[in-house]
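Peer 1: If you scroll down you'll find the structure; I have some questions about it.
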Amino acid sequence: RCFMTIKVIASDMDGTFLDDKGSYDKERFSQILDAMAARDMHFVVASGNSMSRLKPMLAETFDRLHFVAENGGQVVSYGKLLCQEFMASNDVENLLSYFNYDLLDRPTIFNGAQGSYMLKGSRVNFAEMITEEEQKALEAAIQRLNGLEDLDDDFIKITMLLSPEEANRVSQAFNRDFDGNLVAVPSGFGAIDFIQKGMHKAWGLKQLLKHWGLSESNVMAFGDGDNDLELLQMAGRSYAMENASPAILQVADQIAPHHKDQGVLTVLEDYLGLI
C-alpha cells in the first residue's frame, strides 16, 4: 500500500513500543515523528495506562502525540481532553462488594477524574514494569486513603496488582461471576484492569478517527497483549510483536521484531523510508 492509505499509527506501550527496560530511543522516535508530520500522519499512544503515567514517559514529544489512555476510557489530542467515559457508581460498588471490601492484600489503584487512589497500607511492587524514577513519580501521584468509604470521584478504570498466575485466575472468575457492566482484562505483569464492557482501545481510537474524518483502513496498529485485540482487528494494517500473546499473533497481519529490540521503531523507519 502507498502512503495515501496509512494516516494513523497506533501503538500499545508496555511490551510493544517500550523495550524491556520500559524505555525507547528518543532520537529515532523524534525522526519518525518528523517524517510522519511531513506526510500529515498522526501517532496515537494506545495504552491501558493512565495519563499520569504516560505523560512523563513521553514528555519530550507529548505535544506532538495523541493518546487513547485507560484502555479507551480517556482520549487526549495534542494535550486536550477529547472525551472520557466513567464507570457507573453502582458498578464500582458491586465490584467492591464482589471482593468483600477487602483490598489490602490485593493492591488496587482507582483511576478517577480528579486523581488516582489507593488504600493506605497496601504494598505495590511495579519492579518488572517501570524504571525507578517512574515508580517514584507514580507513587507520588497516588493519594492514599484511610478506607474505601473515602473514595469520592468518578472512575475511569480500576487496576489490581497481583502475581501473573493469580491475575489470570481472578480475572477468569470475575468475568464468569460478576453481574455488572464491568470486565476484567489482564494487562501484563500481573495487573488486571477492570473497565466498562465495550470499552477498549479501538473504541477510543474511533473517537479520534471521527474527529479527523478518517477511517479504520487508514490505521496501522501495533500490540502484544490481549487488551490490544480489538485495536489490531480494526486496523487496516496490524502488527503483533514477536513477543505477543498467542491470540494477538493469530489476529495480526504481520509480525514486528521483538519489543526489546524496539520493533515498532524499526517497522516505522522501514515504512517511512528512513532506513
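In the C-alpha cells, chains take letters A, B, ... by order of appearance, with residues numbered from 1 within each chain and ligands from 1 in the order shown.
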Name all residues at most 10 Å from A:Asp261 (count only C-alpha atoms; drop same-chain ones fewer than 3 positions away) and give them as a list in words.
Peer 2: Thr16, Phe17, Leu18, Asp19, Asp20, Tyr24, Ala256, Pro257, His258, Val264, Leu265 and Thr266 of chain A
Peer 1: Okay, now the selection with N, CA, C and O atoms, as a compact mmCIF listing (two decimals), in the first residue's frame?
Peer 2:
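File out-v9.txt, as written:
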```txt
# COMPACT_ATOMS: atom_id res chain seq x y z
N THR A 16 5.36 -3.48 23.78
CA THR A 16 5.21 -3.19 22.35
C THR A 16 6.19 -2.09 21.94
O THR A 16 7.23 -2.36 21.37
N PHE A 17 5.85 -0.85 22.25
CA PHE A 17 6.69 0.30 21.89
C PHE A 17 7.92 0.39 22.79
O PHE A 17 9.02 0.71 22.35
N LEU A 18 7.71 0.12 24.08
CA LEU A 18 8.80 0.23 25.06
C LEU A 18 9.65 -1.04 25.08
O LEU A 18 9.12 -2.14 24.93
N ASP A 19 10.95 -0.88 25.31
CA ASP A 19 11.82 -2.05 25.39
C ASP A 19 11.70 -2.71 26.78
O ASP A 19 10.85 -2.33 27.58
N ASP A 20 12.57 -3.68 27.05
CA ASP A 20 12.43 -4.43 28.31
C ASP A 20 12.83 -3.62 29.53
O ASP A 20 12.63 -4.04 30.66
N TYR A 24 12.72 3.79 25.37
CA TYR A 24 12.72 3.78 23.90
C TYR A 24 13.77 4.77 23.41
O TYR A 24 14.21 5.64 24.16
N ALA A 256 6.05 -7.95 13.96
CA ALA A 256 7.12 -6.96 14.10
C ALA A 256 8.22 -7.55 14.98
O ALA A 256 7.93 -8.42 15.80
N PRO A 257 9.47 -7.09 14.83
CA PRO A 257 10.53 -7.60 15.70
C PRO A 257 10.20 -7.39 17.18
O PRO A 257 9.36 -6.56 17.53
N HIS A 258 10.88 -8.14 18.04
CA HIS A 258 10.65 -8.17 19.48
C HIS A 258 10.68 -6.76 20.10
O HIS A 258 11.44 -5.91 19.66
N VAL A 264 8.82 -1.70 16.91
CA VAL A 264 7.88 -0.71 16.34
C VAL A 264 8.67 0.35 15.57
O VAL A 264 8.32 0.70 14.43
N LEU A 265 9.74 0.85 16.18
CA LEU A 265 10.55 1.89 15.52
C LEU A 265 11.13 1.36 14.20
O LEU A 265 11.13 2.06 13.19
N THR A 266 11.59 0.12 14.23
CA THR A 266 12.19 -0.49 13.02
C THR A 266 11.17 -0.59 11.88
O THR A 266 11.47 -0.21 10.74
```
Peer 1: Residues near stretch 114-118 of chain A, anyone? I mean within 8 Å using only C-alpha atoms, not counting same-chain ones fewer than 5 positions away, as a list in words.
Peer 2: Pro107, Thr108, Ile109, Ala141, Ile142, Gln143, Arg144, Leu145, Leu151, Asp153 and Asp154 of chain A
Peer 1: Write down as a VMD selection string the residues of stretch 143-270 of chain A whose backbone DSSP state falls under helix (DSSP H, G or I).
Peer 2: chain A and resid 148 to 150 164 to 177 201 to 212 216 to 218 226 to 234 246 to 251 259 to 261 263 to 270
Peer 1: Would you save the residues of that selection, restricted to C-alpha atoms, as a CSV table (one decimal), in the first residue's frame?
Peer 2:
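Output (part.csv):
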```
chain,number,residue,atom,x,y,z
A,148,LEU,CA,-12.8,2.6,50.8
A,149,GLU,CA,-15.6,4.9,52.2
A,150,ASP,CA,-13.3,7.8,51.4
A,164,PRO,CA,0.6,-13.2,36.9
A,165,GLU,CA,-0.9,-16.6,37.9
A,166,GLU,CA,-3.3,-15.0,40.3
A,167,ALA,CA,-4.3,-12.3,37.8
A,168,ASN,CA,-5.4,-14.9,35.3
A,169,ARG,CA,-7.4,-16.8,37.9
A,170,VAL,CA,-9.0,-13.7,39.4
A,171,SER,CA,-10.0,-12.2,36.0
A,172,GLN,CA,-11.5,-15.5,34.7
A,173,ALA,CA,-13.6,-15.9,37.9
A,174,PHE,CA,-14.6,-12.2,37.8
A,175,ASN,CA,-15.7,-12.4,34.2
A,176,ARG,CA,-17.7,-15.6,34.9
A,177,ASP,CA,-19.4,-14.5,38.1
A,201,LYS,CA,-8.6,0.9,22.7
A,202,ALA,CA,-10.4,0.5,19.4
A,203,TRP,CA,-13.4,2.4,20.8
A,204,GLY,CA,-11.1,5.3,21.9
A,205,LEU,CA,-9.3,5.3,18.6
A,206,LYS,CA,-12.6,5.5,16.7
A,207,GLN,CA,-13.3,8.8,18.6
A,208,LEU,CA,-10.1,10.2,17.1
A,209,LEU,CA,-10.8,8.9,13.6
A,210,LYS,CA,-14.2,10.6,13.7
A,211,HIS,CA,-12.5,13.8,14.9
A,212,TRP,CA,-10.1,13.6,11.9
A,216,GLU,CA,-10.2,2.3,10.1
A,217,SER,CA,-8.4,1.4,6.9
A,218,ASN,CA,-6.2,4.4,7.5
A,226,ASP,CA,-5.0,-9.3,24.8
A,227,ASN,CA,-6.1,-5.8,25.5
A,228,ASP,CA,-4.8,-4.9,22.0
A,229,LEU,CA,-7.1,-7.4,20.3
A,230,GLU,CA,-9.9,-5.1,19.1
A,231,LEU,CA,-7.3,-2.5,18.1
A,232,LEU,CA,-5.5,-4.9,15.8
A,233,GLN,CA,-8.8,-6.3,14.5
A,234,MET,CA,-10.0,-2.9,13.4
A,246,PRO,CA,-1.0,-16.4,21.0
A,247,ALA,CA,-4.3,-14.6,20.5
A,248,ILE,CA,-2.6,-11.5,19.2
A,249,LEU,CA,-0.2,-13.4,16.9
A,250,GLN,CA,-3.3,-15.0,15.4
A,251,VAL,CA,-5.2,-11.9,14.5
A,259,HIS,CA,9.8,-5.2,21.8
A,260,LYS,CA,13.2,-5.4,23.4
A,261,ASP,CA,14.7,-4.7,20.0
A,263,GLY,CA,10.5,-3.5,16.7
A,264,VAL,CA,7.9,-0.7,16.3
A,265,LEU,CA,10.5,1.9,15.5
A,266,THR,CA,12.2,-0.5,13.0
A,267,VAL,CA,8.9,-1.2,11.2
A,268,LEU,CA,8.1,2.5,11.0
A,269,GLU,CA,11.5,3.5,9.8
A,270,ASP,CA,11.2,0.9,7.1
```
Peer 1: So, counting only C-alpha atoms, which residue among A:Ile158, A:Leu96, A:Ala221, A:Leu81 is closest to A:Asn49?
Peer 2: A:Ile158
Peer 1: Taking into account only C-alpha atoms, which residue in the set A:Ala140, A:Val183, A:Met13, A:Val124 is nearest to A:Gly225?
Peer 2: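 Residue with the minimum atom-to-atom distance to A:Gly225: A:Met13.
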Peer 1: From the set A:Glu93, A:Glu242, A:Asp253, A:Asp193, which residue has the shortest atom-to-atom contact distance to A:Gly73, counting only C-alpha atoms?
Peer 2: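 Nearest to A:Gly73: A:Asp193.
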Peer 1: For A:Asp12, please output as number ranges by chain all residues within 7 Å (counting only C-alpha atoms; exclusion window: fewer than 6 positions along the same chain).
Peer 2: A: 45-47, 222-223
Peer 1: Tell me, in Å to one decimal, how far atom CA of A:Gln262 is from atom CA of A:Asp224.
Peer 2: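 These two atoms are separated by 12.7 Å.
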Peer 1: Step one, run DSSP on the backbone; step two, keep only residues of stretch 125-202 of chain A assigned to strand (DSSP E); then write them as a VMD selection string.
Peer 2: chain A and resid 142 to 145 155 to 161 182 to 188 191 to 196
Peer 1: How would the residues just chosen look if you wrote them out with N, CA, C and O atoms as an mmCIF file, in the first residue's frame?
Peer 2:
```cif
data_model
loop_
_atom_site.group_PDB
_atom_site.id
_atom_site.type_symbol
_atom_site.label_atom_id
_atom_site.label_comp_id
_atom_site.auth_asym_id
_atom_site.auth_seq_id
_atom_site.Cartn_x
_atom_site.Cartn_y
_atom_site.Cartn_z
ATOM 1 N N ILE A 142 -0.213 8.977 43.595
ATOM 2 C CA ILE A 142 -1.348 8.237 44.156
ATOM 3 C C ILE A 142 -1.713 8.768 45.537
ATOM 4 O O ILE A 142 -0.865 8.881 46.413
ATOM 5 N N GLN A 143 -2.991 9.125 45.711
ATOM 6 C CA GLN A 143 -3.451 9.571 47.032
ATOM 7 C C GLN A 143 -3.805 8.342 47.866
ATOM 8 O O GLN A 143 -4.497 7.450 47.393
ATOM 9 N N ARG A 144 -3.311 8.334 49.108
ATOM 10 C CA ARG A 144 -3.580 7.193 49.992
ATOM 11 C C ARG A 144 -4.815 7.463 50.848
ATOM 12 O O ARG A 144 -4.926 8.517 51.465
ATOM 13 N N LEU A 145 -5.732 6.503 50.878
ATOM 14 C CA LEU A 145 -6.986 6.689 51.617
ATOM 15 C C LEU A 145 -7.009 5.809 52.861
ATOM 16 O O LEU A 145 -6.466 4.705 52.870
ATOM 17 N N PHE A 155 -14.853 7.203 38.306
ATOM 18 C CA PHE A 155 -13.734 6.342 37.947
ATOM 19 C C PHE A 155 -13.753 5.894 36.496
ATOM 20 O O PHE A 155 -14.791 5.552 35.938
ATOM 21 N N ILE A 156 -12.558 5.923 35.907
ATOM 22 C CA ILE A 156 -12.396 5.511 34.519
ATOM 23 C C ILE A 156 -11.965 4.046 34.471
ATOM 24 O O ILE A 156 -12.408 3.273 33.640
ATOM 25 N N LYS A 157 -11.097 3.682 35.419
ATOM 26 C CA LYS A 157 -10.523 2.337 35.405
ATOM 27 C C LYS A 157 -10.071 1.987 36.810
ATOM 28 O O LYS A 157 -9.665 2.852 37.569
ATOM 29 N N ILE A 158 -10.158 0.698 37.133
ATOM 30 C CA ILE A 158 -9.659 0.211 38.425
ATOM 31 C C ILE A 158 -8.639 -0.882 38.127
ATOM 32 O O ILE A 158 -8.918 -1.796 37.353
ATOM 33 N N THR A 159 -7.445 -0.760 38.702
ATOM 34 C CA THR A 159 -6.376 -1.718 38.411
ATOM 35 C C THR A 159 -5.955 -2.447 39.668
ATOM 36 O O THR A 159 -5.684 -1.833 40.704
ATOM 37 N N MET A 160 -5.903 -3.789 39.577
ATOM 38 C CA MET A 160 -5.478 -4.618 40.694
ATOM 39 C C MET A 160 -4.133 -5.234 40.350
ATOM 40 O O MET A 160 -3.943 -5.705 39.225
ATOM 41 N N LEU A 161 -3.191 -5.194 41.307
ATOM 42 C CA LEU A 161 -1.840 -5.689 41.038
ATOM 43 C C LEU A 161 -1.590 -6.988 41.805
ATOM 44 O O LEU A 161 -1.514 -6.998 43.031
ATOM 45 N N LEU A 182 -18.967 -4.430 34.020
ATOM 46 C CA LEU A 182 -17.506 -4.333 34.015
ATOM 47 C C LEU A 182 -16.886 -5.643 33.545
ATOM 48 O O LEU A 182 -17.478 -6.705 33.688
ATOM 49 N N VAL A 183 -15.692 -5.518 33.007
ATOM 50 C CA VAL A 183 -14.979 -6.709 32.559
ATOM 51 C C VAL A 183 -13.540 -6.597 33.056
ATOM 52 O O VAL A 183 -12.993 -5.503 33.191
ATOM 53 N N ALA A 184 -12.939 -7.762 33.398
ATOM 54 C CA ALA A 184 -11.555 -7.796 33.877
ATOM 55 C C ALA A 184 -10.643 -8.159 32.712
ATOM 56 O O ALA A 184 -10.851 -9.168 32.052
ATOM 57 N N VAL A 185 -9.631 -7.315 32.466
ATOM 58 C CA VAL A 185 -8.686 -7.555 31.374
ATOM 59 C C VAL A 185 -7.265 -7.604 31.941
ATOM 60 O O VAL A 185 -6.768 -6.597 32.430
ATOM 61 N N PRO A 186 -6.612 -8.782 31.892
ATOM 62 C CA PRO A 186 -5.225 -8.806 32.365
ATOM 63 C C PRO A 186 -4.371 -7.960 31.417
ATOM 64 O O PRO A 186 -4.490 -8.079 30.205
ATOM 65 N N SER A 187 -3.539 -7.063 31.989
ATOM 66 C CA SER A 187 -2.780 -6.178 31.097
ATOM 67 C C SER A 187 -1.278 -6.429 31.186
ATOM 68 O O SER A 187 -0.477 -5.597 30.837
ATOM 69 N N GLY A 188 -0.901 -7.607 31.681
ATOM 70 C CA GLY A 188 0.512 -7.966 31.729
ATOM 71 C C GLY A 188 1.126 -7.777 33.098
ATOM 72 O O GLY A 188 0.661 -6.965 33.886
ATOM 73 N N ALA A 191 -1.015 -7.395 36.361
ATOM 74 C CA ALA A 191 -2.008 -6.332 36.553
ATOM 75 C C ALA A 191 -3.328 -6.734 35.896
ATOM 76 O O ALA A 191 -3.336 -7.351 34.836
ATOM 77 N N ILE A 192 -4.439 -6.408 36.560
ATOM 78 C CA ILE A 192 -5.765 -6.602 35.949
ATOM 79 C C ILE A 192 -6.425 -5.234 35.860
ATOM 80 O O ILE A 192 -6.495 -4.510 36.848
ATOM 81 N N ASP A 193 -6.918 -4.886 34.682
ATOM 82 C CA ASP A 193 -7.699 -3.660 34.531
ATOM 83 C C ASP A 193 -9.174 -4.021 34.536
ATOM 84 O O ASP A 193 -9.610 -4.873 33.756
ATOM 85 N N PHE A 194 -9.938 -3.391 35.406
ATOM 86 C CA PHE A 194 -11.391 -3.525 35.381
ATOM 87 C C PHE A 194 -11.923 -2.316 34.627
ATOM 88 O O PHE A 194 -11.682 -1.174 35.026
ATOM 89 N N ILE A 195 -12.586 -2.575 33.509
ATOM 90 C CA ILE A 195 -13.090 -1.477 32.679
ATOM 91 C C ILE A 195 -14.532 -1.774 32.267
ATOM 92 O O ILE A 195 -15.031 -2.881 32.458
ATOM 93 N N GLN A 196 -15.185 -0.789 31.695
ATOM 94 C CA GLN A 196 -16.555 -0.994 31.242
ATOM 95 C C GLN A 196 -16.581 -1.939 30.048
ATOM 96 O O GLN A 196 -15.716 -1.874 29.187
#
```
Peer 1: Tell me which protein, DNA and RNA residues are within 8 Å of A:Arg53, counting only C-alpha atoms, leaving out same-chain ones fewer than 4 positions away, and put them as a CSV table (one decimal) with N, CA and C atoms, in the first residue's frame.
Peer 2:
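And here's out.csv as it stands now:
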```
chain,number,residue,atom,x,y,z
A,49,ASN,N,-2.6,2.3,30.4
A,49,ASN,CA,-2.1,3.2,31.4
A,49,ASN,C,-2.9,4.5,31.5
A,57,MET,N,6.4,9.7,30.6
A,57,MET,CA,7.1,8.7,29.8
A,57,MET,C,7.4,9.3,28.4
A,134,GLU,N,10.2,6.4,37.5
A,134,GLU,CA,8.8,6.4,37.1
A,134,GLU,C,8.0,5.8,38.3
A,138,LEU,N,5.0,7.7,40.1
A,138,LEU,CA,3.7,7.1,40.2
A,138,LEU,C,3.2,7.0,41.6
```
Peer 1: Measuring atom to atom with only C-alpha atoms, identify which of A:Ala88, A:Leu82, A:Ser97, A:Phe29 is nearest to A:Phe62.
Peer 2: A:Phe29
